[in-house]
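Engineer: Before I ask anything, let me first share the structure, which is written out below as structure tokens.
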Amino acid sequence: MKKFFESLSNVWKIEELKNRILITLGLLLVYRFGAHVTLPGIDATQLNSLAGQTEKGIGSILDMFTGGAFSKASVFALGIMPYISASIVVQLMGIAIPYLQKLQSDGESGRKKINQITRWLTIVITLVQGPTYIYNLYRTLPSSAFLLGFNSFEFLFSSVIILVTGTIFAMWLGEKITDKGIGNGISLLIMVGILARFPQAFIQEFTTRVTNNNGGPMLLVVEIIIWLLVIIACVLLTMAIRKIPVQYARRTASGDFEQDMLGGNRQWIPLKLNASGVMPIIFAQAIMFIPAALAGLSKSDTSQSIVGAFSNMFGFWYNFVFALLIIVFTYFYTAITVPTNKMSDDLKRSGGFIPGVRPGAETSDFLDKVMSLITFPGSLFLALIAVFPAIVVSLMDVQQSWAMFFGGTSLIIMVGVAIDTIQQINSYLLNKHYDGLMKSGKNRKAVA
């Protein structure tokens, strides 16, 4: 523990790292400030019904990802999610559209063009989601909450423009954090929004358990222990890898008077147990909105039962279908993001081979087989973490807002972003010959 705090103090000795951290904190503060600025034309004192809409169910997920901006009718009410949706669409289109495939292989110039396409698509998605959000305000808030008049064109037009601008500004903040700060900016914006709900959720659970004498402080301690164990499990899932040994052929270096045989160098290829990260949960979450939306178009008893089943994110059928979709999407996303053919070709060009496996197609098949084998337990584990909030609500009667931190998309995002940010800070410390924040970091002495 002492070395850890020494490493933290060493962070401020590195001028570049200190400046990057301060820039990151400053931009995150701007984003959090904007989440509390209500749209012009709305009475901020009459948002109770909108806040009640986001206390339970799917609305709570939307509000969590926007850091409470959704329930506050904020200028950042749509948050960074349209940009995430656009990124997913562009990534999926890259499988089928040759132009995008060419851009992906063009290096830095291609990446810049893909980013530009993603930005324009973000604007298009926001132009669709903006009026939908305003329509939800019309349905939820009383008419007296609209200072410019109920259903006025001036309010609709200006609010959509402000929502689009807010999303673009949030996207710009994320890119600036990535460029000038530390960590992945977009992911940090999402993580900060999720963490903003943490104090309120914990206070509600504490009040329920202790003040209202519903289980007492001992049960609250048990919940915290389980929560910490789930975080450890998420860390293990995020960092778990399967090492594939690689042998490089011996090379001969010839000179005028000597010939030196350079011995083969043995390394390994790291294949992640969860190579798809949090994307399968995001895909599955998007699909789970569809059944209730389609069934809501009909007024039959069957349709209403479907709406009830798929609107309750803590119900059995919702989580059963949710888990199955996560397993399917984990295989799908791993297949399109882990290029085993390219890995095999690169290995062959560099003179490397997997012991006992022929270079070329056989190596590609071997890597694909290993990825399939390790993806199965990874997908099951990911599905279990995703539905774990429903489990703790059912078994321990945990408050739903607090249960959201026991798993699901929120916890996976927080763990993944935290690990990535710490790794970047760690690399700065090690490059400056300091001990890293992680246990694997070793003291590196300066070379004269």
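Letters for chains follow the order of the structure tokens (A, B, ...), residue numbers begin at 1 for each chain, and ligand numbers begin at 1 in the order shown.
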Per residue of range 77-178 of chain A within 8 Å of range 61-68 of chain A, what are the shortest atom pair and its distance in Å to one decimal, counting only C-alpha atoms, with rows by chain and residue number, as CSV?
Structural biologist:
```
residue,atom,partner,partner_atom,distance
A:Ala77,CA,A:Thr66,CA,6.5
A:Leu78,CA,A:Thr66,CA,6.8
A:Gly79,CA,A:Thr66,CA,5.0
A:Ile80,CA,A:Thr66,CA,7.4
A:Met81,CA,A:Phe65,CA,7.7
```
Engineer: Using only C-alpha atoms, pick whichever of A:Thr211, A:Ser350, A:Thr340, A:Gln424 has the shortest atom-to-atom distance to Ser364 in chain A.
Structural biologist: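 Looking only at the distances to Ser364 in chain A, the closest residue turns out to be A:Thr340.
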Engineer: Among the residues of range 82-266 of chain A, find those DSSP assigns to alpha helix (DSSP H) from the backbone and print them as a VMD selection string.
Structural biologist: chain A and resid 82 to 96 98 to 104 108 to 140 153 to 180 185 to 196 198 to 206 216 to 239
Engineer: What does the distance between CA of Ala73 in chain A and CA of Phe206 in chain A come to in Å, to one decimal place?
Structural biologist: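 For CA of Ala73 in chain A relative to CA of Phe206 in chain A, the distance reads 27.8 Å.
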Engineer: Measure the distance from CA of Val387 in chain A to CA of Asn212 in chain A in Å and round it to one decimal.
Structural biologist: 27.4 Å
Engineer: As a PyMOL selection string, list the residues of range 205-444 of chain A assigned to strand (DSSP E or B) by DSSP on the backbone atoms of this structure.
Structural biologist: chain A and resi 241-248+251-254+259-262+266-272+352-353
Engineer: Looking at only C-alpha atoms, which of A:Val321, A:Ile281, A:Ile269, A:Ile419 is the one that sits closest to Val235 in chain A?
Structural biologist: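 When distances to Val235 in chain A are compared using only C-alpha atoms, the smallest one comes from A:Ile419.
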Engineer: Could you give me, as a tab-separated table, a per-residue list for range 172-228 of chain A showing, wherever an atom lies at most 12 Å from an atom of range 23-28 of chain A, the closest pair of atoms and their distance in Å to one decimal, using only C-alpha atoms and sorting by chain then residue number from low to high?
Structural biologist:
```
residue	atom	partner	partner_atom	distance
A:Trp172	CA	A:Leu27	CA	10.1
A:Leu173	CA	A:Leu27	CA	6.4
A:Gly174	CA	A:Leu27	CA	8.4
A:Glu175	CA	A:Leu27	CA	10.5
A:Lys176	CA	A:Leu27	CA	8.3
A:Ile177	CA	A:Thr24	CA	5.6
A:Thr178	CA	A:Thr24	CA	8.6
A:Asp179	CA	A:Thr24	CA	10.0
A:Lys180	CA	A:Ile23	CA	7.1
A:Gly181	CA	A:Thr24	CA	4.9
A:Ile182	CA	A:Thr24	CA	6.4
A:Gly183	CA	A:Thr24	CA	8.5
A:Asn184	CA	A:Thr24	CA	10.1
A:Gly185	CA	A:Thr24	CA	8.2
A:Ile186	CA	A:Leu28	CA	10.5
A:Ser187	CA	A:Leu28	CA	11.3
A:Leu188	CA	A:Leu28	CA	8.1
A:Leu189	CA	A:Leu28	CA	6.8
A:Ile190	CA	A:Leu28	CA	10.3
A:Met191	CA	A:Leu28	CA	10.4
A:Val192	CA	A:Leu28	CA	7.6
A:Gly193	CA	A:Leu28	CA	9.6
A:Ala196	CA	A:Leu28	CA	11.6
```
Engineer: With only C-alpha atoms as the atoms that count, which of A:Ile425, A:Leu347, A:Met313, A:Ile385 lies nearest to Ile327 in chain A?
Structural biologist: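 Selected residue with least distance to Ile327 in chain A: A:Ile385.
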Engineer: Write out as a list of chain:residue names which residues come within 12 Å of Asp346 in chain A when counting only C-alpha atoms, dropping same-chain ones fewer than 5 positions away.
Structural biologist: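 Contacts, in chain order: A:Ile269, A:Pro339, A:Thr340, A:Asn341, A:Gly351, A:Gly352, A:Phe353, A:Pro359, A:Gly360, A:Thr363, A:Ser364.
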Engineer: With C-alpha atoms retained, could you export that selection as a PDB file, in the first residue's frame?
Structural biologist:
```
ATOM      1  CA  ILE A 269       0.171 -14.413 -28.864  1.00  0.00           C
ATOM      2  CA  PRO A 339      -8.724 -11.278 -37.625  1.00  0.00           C
ATOM      3  CA  THR A 340      -7.248 -14.769 -37.313  1.00  0.00           C
ATOM      4  CA  ASN A 341      -6.396 -14.798 -41.052  1.00  0.00           C
ATOM      5  CA  GLY A 351       9.130 -15.878 -39.830  1.00  0.00           C
ATOM      6  CA  GLY A 352       7.146 -17.082 -36.833  1.00  0.00           C
ATOM      7  CA  PHE A 353       5.114 -20.249 -36.354  1.00  0.00           C
ATOM      8  CA  PRO A 359       2.101 -21.741 -41.192  1.00  0.00           C
ATOM      9  CA  GLY A 360      -0.698 -20.372 -43.325  1.00  0.00           C
ATOM     10  CA  THR A 363      -2.416 -21.643 -38.315  1.00  0.00           C
ATOM     11  CA  SER A 364      -5.499 -19.549 -39.065  1.00  0.00           C
TER      12      SER A 364
END
```
